[in-house]
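**Q** Supplied structure: protein-v7.pdb, PDB, C-alpha atoms.
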```pdb
ATOM      1  CA  MET B   1      -6.839 -33.213  -9.717
ATOM      2  CA  THR B   2      -6.187 -29.755  -8.253
ATOM      3  CA  GLU B   3      -8.883 -27.426  -7.019
ATOM      4  CA  THR B   4      -7.940 -24.934  -9.741
ATOM      5  CA  ALA B   5      -8.394 -27.572 -12.422
ATOM      6  CA  ASP B   6     -11.749 -28.522 -10.936
ATOM      7  CA  ALA B   7     -12.885 -24.899 -11.083
ATOM      8  CA  THR B   8     -11.712 -24.595 -14.677
ATOM      9  CA  ASN B   9     -13.513 -27.755 -15.767
ATOM     10  CA  THR B  10     -16.717 -26.660 -14.046
ATOM     11  CA  ALA B  11     -16.580 -23.289 -15.811
ATOM     12  CA  THR B  12     -16.023 -24.945 -19.175
ATOM     13  CA  GLU B  13     -18.764 -27.515 -18.689
ATOM     14  CA  ALA B  14     -21.202 -24.794 -17.686
ATOM     15  CA  GLY B  15     -20.663 -23.043 -21.030
ATOM     16  CA  THR B  16     -20.041 -19.366 -21.663
ATOM     17  CA  GLN B  17     -20.107 -17.214 -18.558
ATOM     18  CA  THR B  18     -21.237 -13.596 -18.426
ATOM     19  CA  VAL B  19     -19.186 -10.811 -16.888
ATOM     20  CA  ASP B  20     -20.669  -7.335 -16.477
ATOM     21  CA  PHE B  21     -18.029  -4.669 -16.026
ATOM     22  CA  TRP B  22     -18.651  -1.089 -14.885
ATOM     23  CA  PHE B  23     -15.750   1.273 -15.607
ATOM     24  CA  ASP B  24     -14.632   4.860 -15.483
ATOM     25  CA  SER B  25     -12.079   5.457 -18.244
ATOM     26  CA  VAL B  26      -9.781   7.538 -16.019
ATOM     27  CA  CYS B  27      -9.377   4.976 -13.203
ATOM     28  CA  PRO B  28      -6.018   3.136 -13.403
ATOM     29  CA  PHE B  29      -7.251   0.194 -11.341
ATOM     30  CA  ALA B  30     -10.318  -0.293 -13.519
ATOM     31  CA  TRP B  31      -7.982  -0.185 -16.517
ATOM     32  CA  ILE B  32      -5.818  -3.009 -15.172
ATOM     33  CA  THR B  33      -8.847  -5.114 -14.251
ATOM     34  CA  SER B  34     -10.384  -4.526 -17.674
ATOM     35  CA  ARG B  35      -7.183  -5.602 -19.447
ATOM     36  CA  TRP B  36      -7.214  -8.719 -17.266
ATOM     37  CA  MET B  37     -10.708  -9.470 -18.559
ATOM     38  CA  LEU B  38      -9.427  -9.268 -22.137
ATOM     39  CA  GLU B  39      -6.750 -11.785 -21.193
ATOM     40  CA  VAL B  40      -9.387 -14.055 -19.639
ATOM     41  CA  GLU B  41     -11.356 -13.968 -22.898
ATOM     42  CA  LYS B  42      -8.401 -15.720 -24.543
ATOM     43  CA  VAL B  43      -8.386 -18.680 -22.147
ATOM     44  CA  ARG B  44     -11.948 -19.026 -20.817
ATOM     45  CA  PRO B  45     -15.388 -19.069 -22.490
ATOM     46  CA  ILE B  46     -16.704 -15.711 -21.281
ATOM     47  CA  THR B  47     -18.708 -12.788 -22.611
ATOM     48  CA  VAL B  48     -17.913  -9.334 -21.210
ATOM     49  CA  ASN B  49     -20.622  -6.660 -21.208
ATOM     50  CA  TRP B  50     -19.204  -3.160 -20.698
ATOM     51  CA  HIS B  51     -21.120  -0.577 -18.669
ATOM     52  CA  ILE B  52     -20.415   3.044 -17.796
ATOM     53  CA  MET B  53     -19.961   4.350 -14.283
ATOM     54  CA  SER B  54     -18.522   7.661 -13.178
ATOM     55  CA  LEU B  55     -16.187   8.631 -10.362
ATOM     56  CA  SER B  56     -17.419  12.181 -10.933
ATOM     57  CA  VAL B  57     -20.957  11.087 -10.083
ATOM     58  CA  LEU B  58     -19.800   8.905  -7.193
ATOM     59  CA  ASN B  59     -17.859  11.755  -5.563
ATOM     60  CA  GLU B  60     -19.826  14.826  -6.612
ATOM     61  CA  HIS B  61     -20.989  15.593  -3.055
ATOM     62  CA  GLN B  62     -17.783  14.523  -1.284
ATOM     63  CA  ASP B  63     -15.279  16.861   0.375
ATOM     64  CA  LEU B  64     -12.135  16.163  -1.640
ATOM     65  CA  ASP B  65      -8.716  17.717  -2.004
ATOM     66  CA  GLU B  66      -8.396  20.298  -4.750
ATOM     67  CA  GLY B  67      -6.251  18.175  -7.058
ATOM     68  CA  TYR B  68      -8.582  15.173  -7.058
ATOM     69  CA  ARG B  69     -11.648  17.399  -7.435
ATOM     70  CA  SER B  70     -10.056  19.044 -10.464
ATOM     71  CA  MET B  71      -9.404  15.642 -12.029
ATOM     72  CA  LEU B  72     -12.991  14.564 -11.409
ATOM     73  CA  ASP B  73     -14.299  17.757 -12.991
ATOM     74  CA  ARG B  74     -12.354  16.842 -16.140
ATOM     75  CA  ALA B  75     -13.416  13.196 -15.931
ATOM     76  CA  TRP B  76     -17.018  14.051 -16.804
ATOM     77  CA  LEU B  77     -16.034  14.353 -20.468
ATOM     78  CA  PRO B  78     -14.773  10.781 -21.072
ATOM     79  CA  ALA B  79     -17.803   9.349 -19.244
ATOM     80  CA  ARG B  80     -20.237  11.538 -21.163
ATOM     81  CA  ALA B  81     -18.512  10.630 -24.434
ATOM     82  CA  ALA B  82     -18.914   6.941 -23.581
ATOM     83  CA  THR B  83     -22.617   7.550 -22.965
ATOM     84  CA  GLN B  84     -22.936   9.307 -26.308
ATOM     85  CA  ILE B  85     -21.290   6.360 -28.049
ATOM     86  CA  GLN B  86     -23.585   3.902 -26.304
ATOM     87  CA  GLU B  87     -26.632   5.934 -27.326
ATOM     88  CA  ARG B  88     -25.499   6.245 -30.957
ATOM     89  CA  HIS B  89     -23.802   2.910 -31.600
ATOM     90  CA  GLY B  90     -24.888   0.458 -28.922
ATOM     91  CA  ASN B  91     -23.138  -1.403 -26.149
ATOM     92  CA  GLU B  92     -20.616  -3.240 -28.317
ATOM     93  CA  ALA B  93     -18.973   0.053 -29.290
ATOM     94  CA  ILE B  94     -18.278   0.865 -25.634
ATOM     95  CA  GLY B  95     -15.572  -1.767 -25.267
ATOM     96  CA  ALA B  96     -13.670  -0.467 -28.289
ATOM     97  CA  TYR B  97     -13.953   3.116 -27.039
ATOM     98  CA  TYR B  98     -12.713   2.129 -23.584
ATOM     99  CA  THR B  99      -9.663   0.443 -25.075
ATOM    100  CA  ALA B 100      -8.901   3.403 -27.339
ATOM    101  CA  VAL B 101      -9.326   6.143 -24.735
ATOM    102  CA  GLY B 102      -7.838   4.102 -21.874
ATOM    103  CA  THR B 103      -4.691   3.333 -23.851
ATOM    104  CA  ARG B 104      -4.156   7.049 -24.357
ATOM    105  CA  ILE B 105      -4.827   7.992 -20.731
ATOM    106  CA  HIS B 106      -2.982   5.156 -18.999
ATOM    107  CA  ASN B 107      -0.413   3.611 -21.317
ATOM    108  CA  GLN B 108       0.491   6.828 -23.091
ATOM    109  CA  GLY B 109       0.065   9.145 -20.082
ATOM    110  CA  GLN B 110      -2.329  11.555 -21.801
ATOM    111  CA  ASN B 111      -3.583  13.887 -19.037
ATOM    112  CA  ASP B 112      -5.615  16.042 -21.402
ATOM    113  CA  PHE B 113      -8.806  13.997 -21.331
ATOM    114  CA  GLU B 114     -10.418  15.897 -24.189
ATOM    115  CA  ALA B 115      -7.415  15.182 -26.409
ATOM    116  CA  ALA B 116      -7.562  11.520 -25.378
ATOM    117  CA  VAL B 117     -11.262  11.306 -26.202
ATOM    118  CA  ARG B 118     -10.740  13.077 -29.523
ATOM    119  CA  GLY B 119      -7.957  10.686 -30.484
ATOM    120  CA  ALA B 120     -10.058   7.668 -29.515
ATOM    121  CA  LEU B 121     -13.044   8.869 -31.538
ATOM    122  CA  GLU B 122     -10.886   9.546 -34.573
ATOM    123  CA  GLU B 123      -9.236   6.129 -34.268
ATOM    124  CA  LEU B 124     -12.621   4.431 -34.197
ATOM    125  CA  GLY B 125     -14.020   6.485 -37.064
ATOM    126  CA  LEU B 126     -16.864   7.903 -34.968
ATOM    127  CA  GLU B 127     -18.544  11.305 -35.194
ATOM    128  CA  THR B 128     -15.741  13.117 -33.395
ATOM    129  CA  GLU B 129     -16.988  16.700 -33.338
ATOM    130  CA  GLU B 130     -20.621  15.798 -32.735
ATOM    131  CA  ILE B 131     -19.830  13.466 -29.857
ATOM    132  CA  LEU B 132     -17.367  15.887 -28.280
ATOM    133  CA  ALA B 133     -19.828  18.766 -28.512
ATOM    134  CA  ALA B 134     -22.547  16.694 -26.841
ATOM    135  CA  ALA B 135     -20.122  15.359 -24.213
ATOM    136  CA  ARG B 136     -19.342  18.916 -23.118
ATOM    137  CA  THR B 137     -22.971  19.164 -21.975
ATOM    138  CA  ASP B 138     -25.157  17.235 -19.544
ATOM    139  CA  VAL B 139     -27.638  16.197 -22.225
ATOM    140  CA  LEU B 140     -27.355  12.449 -21.471
ATOM    141  CA  ASP B 141     -26.513  12.678 -17.778
ATOM    142  CA  GLU B 142     -29.745  10.944 -16.833
ATOM    143  CA  THR B 143     -28.617   7.930 -18.879
ATOM    144  CA  LEU B 144     -25.084   8.105 -17.444
ATOM    145  CA  ARG B 145     -26.402   8.270 -13.890
ATOM    146  CA  ALA B 146     -28.749   5.343 -14.502
ATOM    147  CA  SER B 147     -25.883   3.167 -15.750
ATOM    148  CA  HIS B 148     -23.732   4.256 -12.808
ATOM    149  CA  ALA B 149     -26.545   3.529 -10.352
ATOM    150  CA  GLU B 150     -27.108   0.067 -11.812
ATOM    151  CA  GLY B 151     -23.531  -0.891 -10.965
ATOM    152  CA  ILE B 152     -23.350   0.832  -7.590
ATOM    153  CA  ASP B 153     -26.670  -0.652  -6.487
ATOM    154  CA  LYS B 154     -25.079  -4.085  -6.797
ATOM    155  CA  VAL B 155     -22.208  -3.328  -4.396
ATOM    156  CA  GLY B 156     -23.065  -0.237  -2.318
ATOM    157  CA  ASP B 157     -21.857   3.352  -2.604
ATOM    158  CA  ASP B 158     -18.847   2.987  -0.279
ATOM    159  CA  VAL B 159     -16.690   1.545  -3.071
ATOM    160  CA  GLY B 160     -15.274   2.777  -6.357
ATOM    161  CA  THR B 161     -14.425   1.404  -9.774
ATOM    162  CA  PRO B 162     -14.287  -1.189 -11.180
ATOM    163  CA  VAL B 163     -17.486  -2.993 -10.341
ATOM    164  CA  VAL B 164     -17.475  -6.492 -11.802
ATOM    165  CA  SER B 165     -20.368  -8.940 -11.809
ATOM    166  CA  PHE B 166     -19.577 -12.632 -12.262
ATOM    167  CA  ASN B 167     -22.676 -14.499 -13.426
ATOM    168  CA  GLY B 168     -24.867 -12.019 -11.531
ATOM    169  CA  THR B 169     -22.833 -11.650  -8.307
ATOM    170  CA  ALA B 170     -21.033  -8.306  -8.181
ATOM    171  CA  PHE B 171     -17.955  -7.061  -6.327
ATOM    172  CA  PHE B 172     -15.835  -3.963  -6.211
ATOM    173  CA  GLY B 173     -12.661  -5.173  -7.892
ATOM    174  CA  PRO B 174     -10.665  -7.283  -8.056
ATOM    175  CA  VAL B 175      -8.030  -4.588  -7.597
ATOM    176  CA  MET B 176      -4.620  -5.470  -9.019
ATOM    177  CA  THR B 177      -1.462  -3.541  -9.852
ATOM    178  CA  ARG B 178      -0.358  -5.807 -12.719
ATOM    179  CA  ILE B 179      -2.210  -7.303 -15.668
ATOM    180  CA  PRO B 180      -2.300 -11.108 -15.375
ATOM    181  CA  ARG B 181      -1.590 -12.850 -18.668
ATOM    182  CA  GLY B 182      -2.506 -16.190 -20.181
ATOM    183  CA  GLU B 183      -3.424 -19.037 -17.882
ATOM    184  CA  GLU B 184      -2.595 -16.931 -14.832
ATOM    185  CA  ALA B 185      -5.441 -14.609 -15.853
ATOM    186  CA  GLY B 186      -7.701 -17.639 -16.189
ATOM    187  CA  ARG B 187      -6.792 -18.991 -12.769
ATOM    188  CA  ILE B 188      -7.592 -15.676 -11.083
ATOM    189  CA  PHE B 189     -10.898 -15.610 -12.941
ATOM    190  CA  ASP B 190     -11.712 -19.145 -11.789
ATOM    191  CA  ALA B 191     -11.012 -18.094  -8.207
ATOM    192  CA  ALA B 192     -13.213 -15.001  -8.502
ATOM    193  CA  VAL B 193     -16.080 -17.029  -9.937
ATOM    194  CA  THR B 194     -15.680 -19.592  -7.158
ATOM    195  CA  LEU B 195     -15.889 -16.908  -4.454
ATOM    196  CA  ALA B 196     -18.880 -15.312  -6.185
ATOM    197  CA  GLY B 197     -20.668 -18.638  -5.872
ATOM    198  CA  PHE B 198     -20.953 -18.224  -2.088
ATOM    199  CA  PRO B 199     -23.760 -15.735  -1.296
ATOM    200  CA  TYR B 200     -22.332 -14.982   2.151
ATOM    201  CA  PHE B 201     -18.864 -14.050   0.853
ATOM    202  CA  TYR B 202     -18.269 -10.286   0.634
ATOM    203  CA  GLU B 203     -14.732  -9.038   0.958
ATOM    204  CA  ILE B 204     -11.006  -9.733   0.980
ATOM    205  CA  LYS B 205      -8.649  -6.776   1.350
ATOM    206  CA  ARG B 206      -5.092  -5.776   2.203
ATOM    207  CA  SER B 207      -3.117  -2.550   1.913
ATOM    208  CA  ARG B 208      -1.446  -1.981  -1.448
ATOM    209  CA  THR B 209       2.344  -1.815  -1.480
ATOM    210  CA  THR B 210       2.856  -1.501  -5.264
ATOM    211  CA  SER B 211       1.649   1.024  -7.855
ATOM    212  CA  PRO B 212      -0.235   0.278 -11.071
ATOM    213  CA  GLN B 213       1.826  -0.882 -14.044
ATOM    214  CA  PHE B 214       0.160  -1.208 -17.437
ATOM    215  CA  ASP B 215       2.681  -3.132 -19.534
TER     216      ASP B 215
END
```
Starting from the file, give its structure as structure tokens.
**A**
Amino acid sequence: MTETADATNTATEAGTQTVDFWFDSVCPFAWITSRWMLEVEKVRPITVNWHIMSLSVLNEHQDLDEGYRSMLDRAWLPARAATQIQERHGNEAIGAYYTAVGTRIHNQGQNDFEAAVRGALEELGLETEEILAAARTDVLDETLRASHAEGIDKVGDDVGTPVVSFNGTAFFGPVMTRIPRGEEAGRIFDAAVTLAGFPYFYEIKRSRTTSPQFD
């Protein structure tokens, strides 16, 4: 029996596993990793809990180039809208919002984040104008920052998004440039869970040579 099969059987025998996923809607790498998790749900017994983090919060005191700073200034709105949805409709609604707004931003190339958020809210039948109006303010920033801090505290503030916790052990990443499908998604998940089982394991990294693709 292969090591991969062993890992798969162990995961199945252990029952449903919990994955906690911290995302910023505008991050292309978080988007790919999140779509991978949806693929894993089809082939492994897992439950994904979605949490909000913010690249705008993470980088608010950093010296950044003008273009990236401008993007982060606009990225407050999708994160604040997610926080509004969580406050009004609970955690389960966050996953649906992420899919709706992320599809517009990444798959459809919508660079107007407010338009992307508006379209997502309308698609989901949520209180579009009320949520948008609140998301243009900092009214729930304490809640947003607390969710962000919960994820970052698990991995340290020298990383970005996504932050993924496998059965309580969190990492930055995995970072991928393609969305694994079917059993391939499951095998990568098995490997990630296996690595997370070693408390002294921290990091694997290499330079990226390909760009994100969302299809």
**Q** Please report as a tab-separated table every residue of segment 7-108 of chain B lying within 6 Å of segment 164-185 of chain B, along with the nearest atom pair and their distance in Å (one decimal), using all atoms listed in the file.
**A**
```
residue	atom	partner	partner_atom	distance
B:Thr18	CA	B:Asn167	CA	5.3
B:Val19	CA	B:Phe166	CA	5.0
B:Asp20	CA	B:Ser165	CA	4.9
B:Phe21	CA	B:Val164	CA	4.6
B:Ile32	CA	B:Ile179	CA	5.6
B:Trp36	CA	B:Ile179	CA	5.4
B:Glu39	CA	B:Arg181	CA	5.8
B:Val40	CA	B:Ala185	CA	5.5
```
**Q** Would you save the residues from that selection as a PDB file, in the coordinates of the input, using C-alpha atoms?
**A**
```
ATOM      1  CA  THR B  18     -21.237 -13.596 -18.426  1.00  0.00           C
ATOM      2  CA  VAL B  19     -19.186 -10.811 -16.888  1.00  0.00           C
ATOM      3  CA  ASP B  20     -20.669  -7.335 -16.477  1.00  0.00           C
ATOM      4  CA  PHE B  21     -18.029  -4.669 -16.026  1.00  0.00           C
ATOM      5  CA  ILE B  32      -5.818  -3.009 -15.172  1.00  0.00           C
ATOM      6  CA  TRP B  36      -7.214  -8.719 -17.266  1.00  0.00           C
ATOM      7  CA  GLU B  39      -6.750 -11.785 -21.193  1.00  0.00           C
ATOM      8  CA  VAL B  40      -9.387 -14.055 -19.639  1.00  0.00           C
TER       9      VAL B  40
END
```
**Q** Please indicate the distance in Å from atom CA of Tyr98 of chain B to atom CA of Ala120 of chain B, rounded to one decimal place.
**A** 8.5 Å
**Q** Applied to the shown file, which residues does the PyMOL selection byres ((chain B and resi 47-50) around 8) return, written as a list in words?
**A** Thr16, Gln17, Thr18, Val19, Asp20, Phe21, Trp22, Phe23, Met37, Glu41, Pro45, Ile46, His51, Ile52, Asn91, Glu92, Ile94 and Gly95 of chain B
**Q** Using Å and a single decimal, report how far atom CA of Ser34 of chain B sits from atom CA of Phe198 of chain B.
**A**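 These atoms are spaced 23.3 Å apart.
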**Q** At a cut-off of 8 Å, using all atoms listed in the file, what residues contact Tyr97 of chain B? Leave out same-chain residues fewer than 2 positions from it and give the result as an mmCIF file with C-alpha atoms, in the frame of the given file.
**A**
```
data_model
loop_
_atom_site.group_PDB
_atom_site.id
_atom_site.type_symbol
_atom_site.label_atom_id
_atom_site.label_comp_id
_atom_site.auth_asym_id
_atom_site.auth_seq_id
_atom_site.Cartn_x
_atom_site.Cartn_y
_atom_site.Cartn_z
ATOM 1 C CA ALA B 82 -18.914 6.941 -23.581
ATOM 2 C CA ALA B 93 -18.973 0.053 -29.290
ATOM 3 C CA ILE B 94 -18.278 0.865 -25.634
ATOM 4 C CA GLY B 95 -15.572 -1.767 -25.267
ATOM 5 C CA THR B 99 -9.663 0.443 -25.075
ATOM 6 C CA ALA B 100 -8.901 3.403 -27.339
ATOM 7 C CA VAL B 101 -9.326 6.143 -24.735
ATOM 8 C CA ALA B 120 -10.058 7.668 -29.515
ATOM 9 C CA LEU B 121 -13.044 8.869 -31.538
ATOM 10 C CA LEU B 124 -12.621 4.431 -34.197
#
```
**Q** Excluding segment 131-145 of chain B and any residue of its chain fewer than 4 positions from it, enumerate the residues within 10 Å of it, using all atoms listed in the file, and give them as an mmCIF file with C-alpha atoms, in the frame of the given file.
**A**
```cif
data_model
loop_
_atom_site.group_PDB
_atom_site.id
_atom_site.type_symbol
_atom_site.label_atom_id
_atom_site.label_comp_id
_atom_site.auth_asym_id
_atom_site.auth_seq_id
_atom_site.Cartn_x
_atom_site.Cartn_y
_atom_site.Cartn_z
ATOM 1 C CA HIS B 51 -21.120 -0.577 -18.669
ATOM 2 C CA ILE B 52 -20.415 3.044 -17.796
ATOM 3 C CA MET B 53 -19.961 4.350 -14.283
ATOM 4 C CA SER B 54 -18.522 7.661 -13.178
ATOM 5 C CA VAL B 57 -20.957 11.087 -10.083
ATOM 6 C CA LEU B 58 -19.800 8.905 -7.193
ATOM 7 C CA TRP B 76 -17.018 14.051 -16.804
ATOM 8 C CA LEU B 77 -16.034 14.353 -20.468
ATOM 9 C CA PRO B 78 -14.773 10.781 -21.072
ATOM 10 C CA ALA B 79 -17.803 9.349 -19.244
ATOM 11 C CA ARG B 80 -20.237 11.538 -21.163
ATOM 12 C CA ALA B 81 -18.512 10.630 -24.434
ATOM 13 C CA ALA B 82 -18.914 6.941 -23.581
ATOM 14 C CA THR B 83 -22.617 7.550 -22.965
ATOM 15 C CA GLN B 84 -22.936 9.307 -26.308
ATOM 16 C CA ILE B 85 -21.290 6.360 -28.049
ATOM 17 C CA GLN B 86 -23.585 3.902 -26.304
ATOM 18 C CA GLU B 87 -26.632 5.934 -27.326
ATOM 19 C CA ARG B 88 -25.499 6.245 -30.957
ATOM 20 C CA GLU B 114 -10.418 15.897 -24.189
ATOM 21 C CA VAL B 117 -11.262 11.306 -26.202
ATOM 22 C CA ARG B 118 -10.740 13.077 -29.523
ATOM 23 C CA LEU B 121 -13.044 8.869 -31.538
ATOM 24 C CA LEU B 126 -16.864 7.903 -34.968
ATOM 25 C CA GLU B 127 -18.544 11.305 -35.194
ATOM 26 C CA ALA B 149 -26.545 3.529 -10.352
ATOM 27 C CA GLU B 150 -27.108 0.067 -11.812
#
```
**Q** Hey, can you check how far atom CA of Ser147 of chain B sits from atom CA of Thr161 of chain B?
**A** 13.0 Å
**Q** Rank nothing, just name the residue among B:Gln108, B:Arg206, B:His89, B:Ala116 nearest to Ala75 of chain B, using all atoms listed in the file.
**A**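 That would be B:Ala116, the residue with the smallest distance to Ala75 of chain B.
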